[in-house]
file structure26.tsv (TSV, C-alpha atoms)
chain	number	residue	atom	x	y	z
A	176	MET	CA	-16.48	-12.56	5.83
A	177	ASN	CA	-20.20	-11.80	5.79
A	178	PHE	CA	-19.69	-8.08	5.26
A	179	TRP	CA	-17.66	-8.45	2.07
A	180	LYS	CA	-19.62	-11.27	0.47
A	181	GLY	CA	-21.21	-9.91	-2.69
A	182	LYS	CA	-20.03	-6.33	-2.13
A	183	LYS	CA	-19.27	-4.44	-5.35
A	184	VAL	CA	-15.75	-3.12	-4.89
A	185	LEU	CA	-13.54	-1.09	-7.23
A	186	LEU	CA	-9.75	-0.92	-6.95
A	187	THR	CA	-7.60	1.53	-8.85
A	188	GLY	CA	-4.04	0.31	-9.31
A	189	HIS	CA	-5.19	-3.30	-8.98
A	190	THR	CA	-2.37	-4.60	-11.22
A	191	GLY	CA	0.32	-3.30	-8.84
A	192	PHE	CA	1.94	-5.04	-5.88
A	193	LYS	CA	-0.45	-3.96	-3.12
A	194	GLY	CA	-3.39	-3.88	-5.50
A	195	SER	CA	-2.84	-7.51	-6.48
A	196	TRP	CA	-2.68	-8.66	-2.86
A	197	LEU	CA	-5.83	-6.69	-1.99
A	198	THR	CA	-7.67	-8.05	-5.03
A	199	LEU	CA	-6.88	-11.63	-4.03
A	200	TRP	CA	-7.93	-10.94	-0.44
A	201	LEU	CA	-11.24	-9.38	-1.49
A	202	ARG	CA	-12.00	-12.28	-3.81
A	203	HIS	CA	-11.13	-14.65	-0.96
A	204	LEU	CA	-13.79	-12.78	1.05
A	205	GLN	CA	-16.19	-13.28	-1.90
A	206	ALA	CA	-16.45	-9.63	-2.89
A	207	GLU	CA	-17.35	-8.73	-6.47
A	208	VAL	CA	-14.21	-6.90	-7.63
A	209	SER	CA	-13.47	-4.63	-10.58
A	210	GLY	CA	-10.19	-2.88	-11.27
A	211	ILE	CA	-9.01	0.21	-13.12
A	212	SER	CA	-5.28	0.44	-13.78
A	213	LEU	CA	-2.46	0.60	-16.26
A	214	PRO	CA	-1.36	-2.81	-17.60
A	215	ALA	CA	0.78	-4.79	-15.19
A	216	GLN	CA	4.54	-4.39	-15.41
A	217	GLN	CA	6.60	-7.54	-15.88
A	218	PRO	CA	7.09	-9.65	-13.89
A	219	SER	CA	3.99	-9.08	-11.77
A	220	LEU	CA	1.99	-10.87	-9.12
A	221	PHE	CA	-1.11	-9.89	-11.10
A	222	ASP	CA	-0.05	-12.13	-14.00
A	223	ILE	CA	1.74	-14.83	-12.02
A	224	ALA	CA	-1.34	-15.42	-9.82
A	225	HIS	CA	-3.76	-15.19	-12.80
A	226	ILE	CA	-5.73	-12.48	-11.01
A	227	GLU	CA	-7.40	-11.22	-14.18
A	228	GLU	CA	-9.41	-14.47	-14.29
A	229	GLU	CA	-11.03	-13.50	-10.97
A	230	ILE	CA	-12.25	-9.98	-11.74
A	231	THR	CA	-13.29	-7.44	-14.38
A	232	SER	CA	-10.37	-5.25	-15.43
A	233	TYR	CA	-10.39	-1.90	-17.20
A	234	TYR	CA	-7.18	-0.29	-18.44
A	235	CYS	CA	-7.14	3.46	-18.08
A	236	ASP	CA	-4.66	6.21	-17.17
A	237	ILE	CA	-6.10	8.12	-14.21
A	238	THR	CA	-4.30	11.28	-15.35
A	239	GLU	CA	-6.78	11.39	-18.26
A	240	PRO	CA	-10.12	12.27	-16.67
A	241	SER	CA	-12.52	11.56	-19.51
A	242	LYS	CA	-12.78	7.77	-19.06
A	243	LEU	CA	-13.03	7.49	-15.27
A	244	PRO	CA	-16.59	8.78	-14.81
A	245	ILE	CA	-17.86	6.51	-17.59
A	246	LEU	CA	-16.13	3.43	-16.16
A	247	ILE	CA	-17.21	4.06	-12.58
A	248	GLN	CA	-20.81	4.64	-13.67
A	249	ALA	CA	-20.71	1.31	-15.51
A	250	ILE	CA	-19.14	-0.58	-12.59
A	251	GLU	CA	-21.51	0.91	-9.96
A	252	PRO	CA	-19.21	0.18	-7.01
A	253	GLU	CA	-20.30	0.64	-3.42
A	254	ILE	CA	-16.72	0.79	-2.08
A	255	ILE	CA	-13.61	2.18	-3.80
A	256	PHE	CA	-9.97	1.63	-2.84
A	257	HIS	CA	-7.70	4.11	-4.62
A	258	LEU	CA	-4.18	2.66	-4.86
A	259	ALA	CA	-3.09	3.89	-8.30
A	260	ALA	CA	0.00	6.04	-7.82
A	261	GLN	CA	3.61	6.75	-8.65
A	262	ALA	CA	4.87	5.20	-5.45
A	263	LEU	CA	8.61	5.84	-5.19
A	264	VAL	CA	10.80	8.72	-4.01
A	265	ARG	CA	13.77	8.37	-6.36
A	266	PRO	CA	11.75	8.15	-9.62
A	267	SER	CA	9.86	11.25	-8.51
A	268	TYR	CA	13.11	13.22	-8.80
A	269	ASN	CA	13.55	11.98	-12.38
A	270	ASP	CA	9.97	12.65	-13.45
A	271	PRO	CA	8.26	15.13	-11.11
A	272	VAL	CA	5.58	16.14	-13.64
A	273	SER	CA	4.27	12.59	-13.99
A	274	THR	CA	4.48	12.07	-10.22
A	275	PHE	CA	2.40	15.18	-9.49
A	276	ALA	CA	-0.04	14.39	-12.30
A	277	THR	CA	-0.66	10.84	-11.07
A	278	ASN	CA	-0.69	11.37	-7.33
A	279	ILE	CA	-2.49	14.73	-7.18
A	280	MET	CA	-4.64	15.05	-10.28
A	281	GLY	CA	-5.24	11.30	-10.39
A	282	THR	CA	-6.80	11.61	-6.93
A	283	VAL	CA	-8.84	14.62	-8.09
A	284	HIS	CA	-10.14	12.69	-11.10
A	285	LEU	CA	-11.04	9.65	-8.99
A	286	LEU	CA	-12.93	11.66	-6.36
A	287	ASP	CA	-14.72	13.74	-8.96
A	288	ALA	CA	-15.85	10.60	-10.77
A	289	ALA	CA	-16.94	9.02	-7.47
A	290	ARG	CA	-19.14	11.97	-6.55
A	291	GLN	CA	-20.96	11.59	-9.87
A	292	CYS	CA	-21.85	7.95	-9.17
A	293	ASN	CA	-24.91	7.30	-6.98
A	294	SER	CA	-23.78	3.80	-5.97
A	295	VAL	CA	-20.60	4.94	-4.18
A	296	LYS	CA	-20.89	4.94	-0.39
A	297	SER	CA	-17.29	4.91	0.83
A	298	VAL	CA	-13.80	5.56	-0.54
A	299	VAL	CA	-10.40	4.71	0.96
A	300	ILE	CA	-7.57	6.77	-0.54
A	301	ILE	CA	-4.13	5.23	-0.01
A	302	THR	CA	-1.52	7.93	0.50
A	303	SER	CA	1.80	7.34	2.33
A	304	ASP	CA	3.74	7.66	5.57
A	305	LYS	CA	5.88	10.15	3.66
A	306	CYS	CA	3.04	12.69	3.51
A	307	TYR	CA	4.25	14.13	6.83
A	308	LYS	CA	6.67	17.04	7.03
A	309	ASN	CA	9.71	15.07	8.13
A	310	GLN	CA	11.33	16.53	11.24
A	311	GLU	CA	13.76	13.60	11.73
A	312	TRP	CA	11.96	12.89	15.01
A	313	LEU	CA	12.65	9.74	17.03
A	314	TRP	CA	8.93	9.35	17.80
A	315	GLY	CA	6.12	8.46	15.42
A	316	TYR	CA	4.06	10.90	13.40
A	317	ARG	CA	0.41	11.17	14.35
A	318	GLU	CA	-2.49	11.90	12.03
A	319	ASN	CA	-2.74	15.50	13.22
A	320	ASP	CA	0.94	16.31	12.61
A	321	VAL	CA	1.95	18.78	9.90
A	322	LEU	CA	1.93	17.49	6.33
A	323	GLY	CA	4.64	18.34	3.82
A	324	GLY	CA	7.46	16.99	1.71
A	325	LYS	CA	10.70	18.21	0.15
A	326	ASP	CA	10.94	15.60	-2.59
A	327	PRO	CA	8.26	15.46	-5.33
A	328	TYR	CA	6.83	12.12	-4.18
A	329	SER	CA	6.33	13.15	-0.54
A	330	CYS	CA	4.95	16.51	-1.58
A	331	SER	CA	2.51	14.87	-3.99
A	332	LYS	CA	1.17	12.60	-1.25
A	333	ALA	CA	0.73	15.52	1.15
A	334	CYS	CA	-1.14	17.36	-1.61
A	335	ALA	CA	-3.35	14.30	-2.15
A	336	GLU	CA	-4.33	14.52	1.52
A	337	PHE	CA	-5.36	18.16	1.02
A	338	VAL	CA	-7.35	17.20	-2.08
A	339	VAL	CA	-9.26	14.55	-0.13
A	340	ASN	CA	-10.03	16.98	2.69
A	341	SER	CA	-11.30	19.56	0.21
A	342	TYR	CA	-13.57	17.12	-1.62
A	343	ARG	CA	-14.82	15.71	1.67
A	344	HIS	CA	-16.00	19.07	2.96
A	345	SER	CA	-17.01	20.63	-0.35
A	346	TYR	CA	-18.94	17.74	-1.89
A	347	LEU	CA	-18.79	14.25	-0.43
A	348	ASN	CA	-20.18	14.92	3.06
A	349	LYS	CA	-23.30	16.44	1.47
A	350	GLN	CA	-23.72	13.33	-0.69
A	351	ASN	CA	-23.19	10.88	2.20
A	352	ILE	CA	-20.04	9.50	0.57
A	353	ASN	CA	-17.54	8.75	3.33
A	354	VAL	CA	-13.90	9.14	2.31
A	355	ALA	CA	-10.83	8.40	4.44
A	356	THR	CA	-7.08	8.38	3.82
A	357	ALA	CA	-4.73	5.60	4.88
A	358	ARG	CA	-1.01	6.05	5.53
A	359	ALA	CA	1.07	2.87	5.73
A	360	GLY	CA	4.75	2.25	6.37
A	361	ASN	CA	7.36	0.71	4.07
A	362	VAL	CA	5.47	-2.29	2.76
A	363	ILE	CA	7.20	-5.55	1.90
A	364	GLY	CA	5.96	-8.93	0.72
A	365	GLY	CA	6.07	-11.50	-2.04
A	366	GLY	CA	5.42	-10.45	-5.60
A	367	ASP	CA	7.03	-7.02	-5.36
A	368	TRP	CA	9.37	-6.32	-8.27
A	369	GLY	CA	9.23	-2.56	-7.92
A	370	LYS	CA	12.30	-0.81	-9.26
A	371	ASP	CA	14.50	0.90	-6.69
A	372	ARG	CA	12.86	-0.80	-3.69
A	373	LEU	CA	15.02	-2.43	-1.02
A	374	LEU	CA	13.52	-5.94	-0.74
A	375	PRO	CA	13.17	-6.55	-4.49
A	376	ASP	CA	16.74	-5.30	-5.01
A	377	LEU	CA	18.06	-7.52	-2.20
A	378	LEU	CA	16.26	-10.66	-3.34
A	379	SER	CA	17.16	-10.17	-6.98
A	380	SER	CA	20.84	-9.46	-6.32
A	381	PHE	CA	21.28	-12.18	-3.72
A	382	SER	CA	19.50	-14.77	-5.90
A	383	ASN	CA	21.72	-13.85	-8.86
A	384	LYS	CA	24.87	-13.97	-6.71
A	385	LYS	CA	25.52	-10.25	-7.17
A	386	PRO	CA	26.28	-7.72	-4.42
A	387	VAL	CA	23.41	-5.29	-3.96
A	388	ILE	CA	24.33	-1.59	-3.77
A	389	ILE	CA	22.59	0.23	-0.90
A	390	ARG	CA	22.44	4.02	-1.00
A	391	ASN	CA	21.36	4.82	2.57
A	392	PRO	CA	22.18	1.97	4.99
A	393	LYS	CA	21.63	4.01	8.17
A	394	ALA	CA	18.12	5.16	7.24
A	395	THR	CA	15.38	3.85	9.55
A	396	ARG	CA	11.96	2.94	8.19
A	397	PRO	CA	8.68	1.44	9.51
A	398	TRP	CA	8.80	-1.93	7.73
A	399	GLN	CA	5.65	-4.08	7.57
A	400	HIS	CA	4.31	-7.03	5.61
A	401	VAL	CA	1.74	-6.14	2.96
A	402	CYS	CA	-1.03	-7.97	4.84
A	403	GLU	CA	-0.75	-5.51	7.74
A	404	PRO	CA	-1.89	-2.30	6.02
A	405	LEU	CA	-4.32	-4.19	3.77
A	406	SER	CA	-6.08	-5.53	6.86
A	407	GLY	CA	-6.30	-1.93	8.02
A	408	TYR	CA	-7.76	-0.77	4.70
A	409	LEU	CA	-10.42	-3.50	4.83
A	410	ASN	CA	-11.23	-2.66	8.44
A	411	LEU	CA	-11.49	1.04	7.65
A	412	ALA	CA	-13.69	0.53	4.57
A	413	GLN	CA	-16.09	-1.59	6.59
A	414	LYS	CA	-16.27	1.03	9.34
A	415	LEU	CA	-16.94	3.75	6.75
A	416	SER	CA	-19.77	1.70	5.30
A	417	GLU	CA	-21.34	0.69	8.60
A	418	ASN	CA	-20.73	3.73	10.80
A	419	GLY	CA	-20.38	6.51	8.29
A	420	SER	CA	-18.72	9.87	8.67
A	421	ALA	CA	-17.28	9.17	12.15
A	422	TYR	CA	-14.42	7.33	10.39
A	423	ALA	CA	-14.00	9.71	7.42
A	424	GLN	CA	-10.57	10.87	8.56
A	425	ALA	CA	-6.86	10.13	8.12
A	426	TRP	CA	-5.48	6.89	9.58
A	427	ASN	CA	-1.98	5.52	10.19
A	428	PHE	CA	-1.44	1.79	9.69
A	429	GLY	CA	2.16	1.52	10.84
A	430	PRO	CA	4.07	-1.36	12.45
A	431	SER	CA	5.08	-1.85	16.07
A	432	ASP	CA	8.03	0.16	17.34
A	433	ASN	CA	10.38	-2.83	17.16
A	434	ALA	CA	9.79	-3.08	13.38
A	435	ASN	CA	11.52	0.25	12.81
A	436	LYS	CA	14.87	-1.00	11.57
A	437	THR	CA	17.73	0.43	9.59
A	438	VAL	CA	18.21	-0.48	5.96
A	439	SER	CA	21.46	-2.26	6.87
A	440	TRP	CA	19.64	-4.39	9.49
A	441	ILE	CA	17.11	-5.50	6.88
A	442	ALA	CA	19.85	-6.28	4.35
A	443	ASP	CA	21.83	-8.31	6.90
A	444	TYR	CA	18.75	-10.30	7.92
A	445	VAL	CA	17.81	-11.18	4.34
A	446	GLN	CA	21.41	-12.10	3.55
A	447	GLN	CA	21.41	-14.54	6.48
A	448	LYS	CA	18.32	-16.17	5.01
A	449	LEU	CA	20.20	-16.64	1.72
A	450	PRO	CA	23.62	-17.90	2.88
A	451	ASP	CA	25.18	-18.17	-0.60
A	452	SER	CA	24.62	-14.49	-1.34
A	453	LEU	CA	27.37	-11.93	-1.66
A	454	PRO	CA	27.71	-9.10	0.93
A	455	TRP	CA	25.92	-5.86	0.15
A	456	LYS	CA	27.86	-2.66	-0.57
A	457	THR	CA	27.26	1.02	0.15
A	458	SER	CA	26.69	3.28	-2.85
A	459	ASP	CA	29.37	5.90	-3.49
A	460	GLU	CA	27.11	7.95	-5.81
A	461	ASP	CA	25.69	11.35	-5.01
A	462	ASN	CA	22.11	10.27	-4.31
A	463	PRO	CA	19.06	12.56	-3.98
A	464	GLN	CA	18.13	13.63	-0.48
A	465	GLU	CA	15.97	11.25	1.55
A	466	SER	CA	14.87	11.38	5.18
A	467	GLN	CA	16.94	9.40	7.69
A	468	ILE	CA	14.25	8.60	10.26
A	469	LEU	CA	10.60	7.84	9.62
A	470	LYS	CA	8.17	6.38	12.13
A	471	LEU	CA	4.37	6.15	12.40
A	472	ASP	CA	2.21	6.30	15.51
A	473	ASN	CA	-0.64	3.81	15.08
A	474	SER	CA	-2.40	4.58	18.39
A	475	LYS	CA	-5.50	5.94	16.70
A	476	ALA	CA	-6.08	2.79	14.62
A	477	ARG	CA	-5.41	0.59	17.67
A	478	THR	CA	-7.89	2.50	19.80
A	479	ARG	CA	-10.72	3.27	17.41
A	480	LEU	CA	-10.49	0.46	14.85
A	481	ALA	CA	-9.19	-2.29	17.15
A	482	TRP	CA	-6.50	-2.80	14.50
A	483	HIS	CA	-2.94	-3.71	15.39
A	484	PRO	CA	0.13	-5.28	13.76
A	485	ILE	CA	0.17	-9.07	13.67
A	486	LEU	CA	3.58	-10.10	12.32
A	487	SER	CA	6.96	-9.35	13.84
A	488	ILE	CA	9.61	-7.89	11.56
A	489	ASP	CA	11.32	-11.30	11.47
A	490	GLN	CA	8.08	-12.98	10.38
A	491	ALA	CA	7.42	-10.29	7.76
A	492	LEU	CA	10.86	-10.83	6.23
A	493	ASP	CA	10.59	-14.62	6.47
A	494	TRP	CA	7.23	-14.60	4.66
A	495	THR	CA	8.69	-12.34	1.95
A	496	VAL	CA	11.79	-14.47	1.38
A	497	ASP	CA	9.74	-17.71	1.47
A	498	TRP	CA	7.39	-16.32	-1.19
A	499	HIS	CA	10.31	-15.33	-3.42
A	500	GLN	CA	12.05	-18.68	-3.03
A	501	THR	CA	8.81	-20.54	-3.77
A	502	TRP	CA	8.37	-18.49	-6.95
A	503	LEU	CA	11.96	-19.25	-8.00
A	504	ASN	CA	11.09	-22.94	-7.57
A	505	LYS	CA	8.24	-22.45	-10.07
A	506	GLN	CA	5.43	-23.31	-7.65
A	507	GLU	CA	1.78	-22.23	-7.95
A	508	MET	CA	1.88	-18.71	-6.53
A	509	LYS	CA	-1.81	-17.91	-6.42
A	510	GLU	CA	-2.39	-20.72	-3.96
A	511	PHE	CA	0.74	-19.82	-1.98
A	512	THR	CA	-0.31	-16.17	-1.74
A	513	LEU	CA	-3.84	-17.09	-0.66
A	514	ASN	CA	-2.38	-19.42	1.96
A	515	GLN	CA	-0.36	-16.55	3.42
A	516	ILE	CA	-3.49	-14.40	3.47
A	517	GLN	CA	-5.44	-17.15	5.24
A	518	ASP	CA	-2.60	-17.70	7.71
A	519	PHE	CA	-2.66	-13.98	8.46
A	520	MET	CA	-6.43	-14.04	8.95
A	521	ASN	CA	-6.08	-17.00	11.31
A	522	MET	CA	-3.49	-15.08	13.32
A	523	MET	CA	-5.85	-12.08	13.44
A	524	LYS	CA	-8.61	-14.28	14.78
A	525	ALA	CA	-6.29	-15.90	17.32
A	526	THR	CA	-5.27	-12.55	18.77
A	527	ASN	CA	-8.94	-11.49	19.06
A	528	GLY	CA	-8.13	-7.83	18.61
A	529	LYS	CA	-5.24	-7.84	21.07
A	530	GLU	CA	-1.59	-7.58	20.14
A	531	LYS	CA	0.69	-10.30	21.44
call {"tool": "encode", "arguments": {"input": "structure26.tsv", "output": "structure tokens"}}
result
Amino acid sequence: MNFWKGKKVLLTGHTGFKGSWLTLWLRHLQAEVSGISLPAQQPSLFDIAHIEEEITSYYCDITEPSKLPILIQAIEPEIIFHLAAQALVRPSYNDPVSTFATNIMGTVHLLDAARQCNSVKSVVIITSDKCYKNQEWLWGYRENDVLGGKDPYSCSKACAEFVVNSYRHSYLNKQNINVATARAGNVIGGGDWGKDRLLPDLLSSFSNKKPVIIRNPKATRPWQHVCEPLSGYLNLAQKLSENGSAYAQAWNFGPSDNANKTVSWIADYVQQKLPDSLPWKTSDEDNPQESQILKLDNSKARTRLAWHPILSIDQALDWTVDWHQTWLNKQEMKEFTLNQIQDFMNMMKATNGKEK
């Protein structure tokens, strides 16, 4: 709490799902927050929780480099979280140019603007678990495994990692700006209406009494509640600020092994939580190629950051469904979201750095 109080923090992509949660969390910790993003899509947690009232927002496309340096100079942030991205595999097949422009050149523009701003001390770049060259292994990928990607989205995130490494060694180390990358799993939680994402599709279809169509029910993913990786990002940013270049590396913030579940397991669990819903169905379309098995090894974050997952997969899904049902009941969602954040923080404190 004391570290973040009064800190000047900038988020890119603050109107998105993860960005909105992180903005609320940082404001809860009394940080001074500014955001640079495209306008929020509808519906959005950003609007539902009235987040714009809490911060200073600037609307800018990070693929256009001219505005970023000016905005960042005006904001004078000490810490930057870069979340702005095209974040989905399937849309990347439909629009690869925009995906590469946003995820690669957007990262270039952000880092180049950061190195021109004397106030910046640390930067956390959010990439993806899909930045690894997928070998369909049964064990988790570690930070020193080979990067790669066959689909445009995965490739773009691997390239973003290379961009960060280049800027780190070519410019940022010399300027004492510490930059790290963070790779999370498949993030779920309340307030996610992302198109072509499993939990939003399930909750929308089940709530509307329609059968959801699932394209890859046997695929296994590292599912985790949004609070899990965000706690890692906050931890990492603090370490970068306090201990410097020793933490300017890549980090996995993945769930425990027992949270790696198939898509069908997730769908069945959510359906049981909503007993009036119709059974899901398997897609019979010819869908673009996606990996079948994806798993992250979080040993490095456990050992060096004393970070570890807090929620079980059941709890993560329960919290997500409860949030959605509360929203459907037209309750005050800012307070509900902050209560989940505080509950998570209380659980972190109770574990005292040790996983249950």
call {"tool": "residues_around", "arguments": {"input": "structure26.tsv", "residues": "Lys385 in chain A", "least_positions_apart": "3", "cutoff": "10 Å", "atoms": "all atoms listed in the file", "output": "ChimeraX atom specification"}}
result
/A:377,379-382,388,452-455
call {"tool": "atom_distance", "arguments": {"input": "structure26.tsv", "atom1": "CA of Gly181 in chain A", "atom2": "CA of Gly429 in chain A"}}
result
29.3 Å
call {"tool": "atom_distance", "arguments": {"input": "structure26.tsv", "atom1": "CA of Pro404 in chain A", "atom2": "CA of Lys349 in chain A"}}
result
28.8 Å
call {"tool": "residues_around", "arguments": {"input": "structure26.tsv", "residues": "range 514-521 of chain A", "least_positions_apart": "4", "cutoff": "8 Å", "atoms": "only C-alpha atoms", "output": "list in words"}}
result
Trp200, Cys402, Ile485, Trp494, Glu510 and Ala525 of chain A
call {"tool": "write_last_selection", "arguments": {"input": "structure26.tsv", "atoms": "C-alpha atoms", "output": "PDB file, keeping the file's coordinate frame"}}
result
ATOM      1  CA  TRP A 200      -7.930 -10.940  -0.440  1.00  0.00           C
ATOM      2  CA  CYS A 402      -1.030  -7.970   4.840  1.00  0.00           C
ATOM      3  CA  ILE A 485       0.170  -9.070  13.670  1.00  0.00           C
ATOM      4  CA  TRP A 494       7.230 -14.600   4.660  1.00  0.00           C
ATOM      5  CA  GLU A 510      -2.390 -20.720  -3.960  1.00  0.00           C
ATOM      6  CA  ALA A 525      -6.290 -15.900  17.320  1.00  0.00           C
TER       7      ALA A 525
END
call {"tool": "closest_residue", "arguments": {"input": "structure26.tsv", "among": "A:Pro430, A:Gly323, A:Pro218, A:Gly365", "to": "Phe337 in chain A", "atoms": "all atoms listed in the file"}}
result
A:Gly323
call {"tool": "closest_atom_pairs", "arguments": {"input": "structure26.tsv", "of": "range 403-496 of chain A", "to": "range 244-254 of chain A", "cutoff": "10 Å", "atoms": "all atoms listed in the file", "output": "Markdown table"}}
result
| residue | atom | partner | partner_atom | distance |
| --- | --- | --- | --- | --- |
| A:Ala412 | CA | A:Ile254 | CA | 7.3 |
| A:Gln413 | CA | A:Ile254 | CA | 9.0 |
| A:Leu415 | CA | A:Ile254 | CA | 9.3 |
| A:Ser416 | CA | A:Ile254 | CA | 8.0 |
call {"tool": "residues_near_point", "arguments": {"input": "structure26.tsv", "point": "(1.2, 18.3, 11.1)", "cutoff": "10 Å", "atoms": "all atoms listed in the file", "output": "JSON, numbers by chain"}}
result
{"A": [306, 307, 308, 309, 316, 317, 318, 319, 320, 321, 322, 323]}
call {"tool": "atom_distance", "arguments": {"input": "structure26.tsv", "atom1": "CA of Trp314 in chain A", "atom2": "CA of Asn427 in chain A"}}
result
13.8 Å
call {"tool": "axis_aligned_box", "arguments": {"input": "structure26.tsv", "around": "range 358-362 of chain A", "padding_each_side": "6 Å", "output": "lines of an AutoDock Vina configuration file"}}
result
center_x = 3.2
center_y = 1.9
center_z = 4.6
size_x = 20.4
size_y = 20.3
size_z = 15.6
call {"tool": "residues_around", "arguments": {"input": "structure26.tsv", "residues": "Thr395 in chain A", "least_positions_apart": "2", "cutoff": "12 Å", "atoms": "only C-alpha atoms", "output": "compact mmCIF listing (two decimals) with C-alpha atoms, in the coordinates of the input"}}
result
# COMPACT_ATOMS: atom_id res chain seq x y z
CA GLU A 311 13.76 13.60 11.73
CA TRP A 312 11.96 12.89 15.01
CA LEU A 313 12.65 9.74 17.03
CA TRP A 314 8.93 9.35 17.80
CA GLY A 315 6.12 8.46 15.42
CA GLY A 360 4.75 2.25 6.37
CA ASN A 361 7.36 0.71 4.07
CA ASN A 391 21.36 4.82 2.57
CA PRO A 392 22.18 1.97 4.99
CA LYS A 393 21.63 4.01 8.17
CA PRO A 397 8.68 1.44 9.51
CA TRP A 398 8.80 -1.93 7.73
CA ASP A 432 8.03 0.16 17.34
CA ASN A 433 10.38 -2.83 17.16
CA ALA A 434 9.79 -3.08 13.38
CA ASN A 435 11.52 0.25 12.81
CA LYS A 436 14.87 -1.00 11.57
CA THR A 437 17.73 0.43 9.59
CA VAL A 438 18.21 -0.48 5.96
CA SER A 439 21.46 -2.26 6.87
CA TRP A 440 19.64 -4.39 9.49
CA ILE A 441 17.11 -5.50 6.88
CA GLU A 465 15.97 11.25 1.55
CA SER A 466 14.87 11.38 5.18
CA GLN A 467 16.94 9.40 7.69
CA ILE A 468 14.25 8.60 10.26
CA LEU A 469 10.60 7.84 9.62
CA LYS A 470 8.17 6.38 12.13
CA LEU A 471 4.37 6.15 12.40
call {"tool": "closest_residue", "arguments": {"input": "structure26.tsv", "among": "A:Asn348, A:Thr512, A:Asn410, A:Gln506", "to": "Leu220 in chain A", "atoms": "all atoms listed in the file"}}
result
A:Thr512
call {"tool": "closest_residue", "arguments": {"input": "structure26.tsv", "among": "A:Leu197, A:Val362, A:Ile488, A:Val283", "to": "Ala262 in chain A", "atoms": "only C-alpha atoms"}}
result
A:Val362
call {"tool": "closest_residue", "arguments": {"input": "structure26.tsv", "among": "A:Asp472, A:Ala442, A:Asn383, A:Thr495", "to": "Val401 in chain A", "atoms": "all atoms listed in the file"}}
result
A:Thr495
call {"tool": "closest_residue", "arguments": {"input": "structure26.tsv", "among": "A:Lys414, A:His189, A:Arg479, A:Lys242", "to": "Asp287 in chain A", "atoms": "all atoms listed in the file"}}
result
A:Lys242
call {"tool": "residues_around", "arguments": {"input": "structure26.tsv", "residues": "Arg358 in chain A", "least_positions_apart": "4", "cutoff": "8 Å", "atoms": "all atoms listed in the file", "output": "ChimeraX atom specification"}}
result
/A:301-304,425-429
call {"tool": "write_last_selection", "arguments": {"input": "structure26.tsv", "atoms": "C-alpha atoms", "output": "mmCIF file, in the coordinates of the input"}}
result
data_model
loop_
_atom_site.group_PDB
_atom_site.id
_atom_site.type_symbol
_atom_site.label_atom_id
_atom_site.label_comp_id
_atom_site.auth_asym_id
_atom_site.auth_seq_id
_atom_site.Cartn_x
_atom_site.Cartn_y
_atom_site.Cartn_z
ATOM 1 C CA ILE A 301 -4.130 5.230 -0.010
ATOM 2 C CA THR A 302 -1.520 7.930 0.500
ATOM 3 C CA SER A 303 1.800 7.340 2.330
ATOM 4 C CA ASP A 304 3.740 7.660 5.570
ATOM 5 C CA ALA A 425 -6.860 10.130 8.120
ATOM 6 C CA TRP A 426 -5.480 6.890 9.580
ATOM 7 C CA ASN A 427 -1.980 5.520 10.190
ATOM 8 C CA PHE A 428 -1.440 1.790 9.690
ATOM 9 C CA GLY A 429 2.160 1.520 10.840
#
call {"tool": "decode", "arguments": {"input": "structure26.tsv", "residues": "range 176-185 of chain A", "atoms": "N, CA and C atoms", "output": "short mmCIF file (atom, residue, chain, number, x, y, z; two decimals), in the first residue's frame"}}
result
data_model
loop_
_atom_site.label_atom_id
_atom_site.label_comp_id
_atom_site.auth_asym_id
_atom_site.auth_seq_id
_atom_site.Cartn_x
_atom_site.Cartn_y
_atom_site.Cartn_z
N MET A 176 0.83 -1.20 0.00
CA MET A 176 0.00 0.00 0.00
C MET A 176 0.86 1.25 0.00
N ASN A 177 1.89 1.29 0.85
CA ASN A 177 2.71 2.48 0.96
C ASN A 177 3.50 2.75 -0.31
N PHE A 178 3.93 1.69 -0.98
CA PHE A 178 4.72 1.90 -2.20
C PHE A 178 3.92 2.64 -3.26
N TRP A 179 2.67 2.26 -3.47
CA TRP A 179 1.91 2.79 -4.58
C TRP A 179 1.25 4.13 -4.27
N LYS A 180 1.14 4.48 -3.03
CA LYS A 180 0.46 5.73 -2.67
C LYS A 180 1.17 6.93 -3.30
N GLY A 181 0.45 7.65 -4.15
CA GLY A 181 0.99 8.84 -4.78
C GLY A 181 1.87 8.60 -5.99
N LYS A 182 2.13 7.32 -6.34
CA LYS A 182 2.97 7.04 -7.50
C LYS A 182 2.26 7.48 -8.79
N LYS A 183 3.00 8.08 -9.70
CA LYS A 183 2.44 8.48 -10.99
C LYS A 183 2.60 7.31 -11.95
N VAL A 184 1.46 6.73 -12.33
CA VAL A 184 1.45 5.51 -13.12
C VAL A 184 0.66 5.75 -14.41
N LEU A 185 1.20 5.22 -15.50
CA LEU A 185 0.52 5.29 -16.80
C LEU A 185 0.18 3.89 -17.26
#
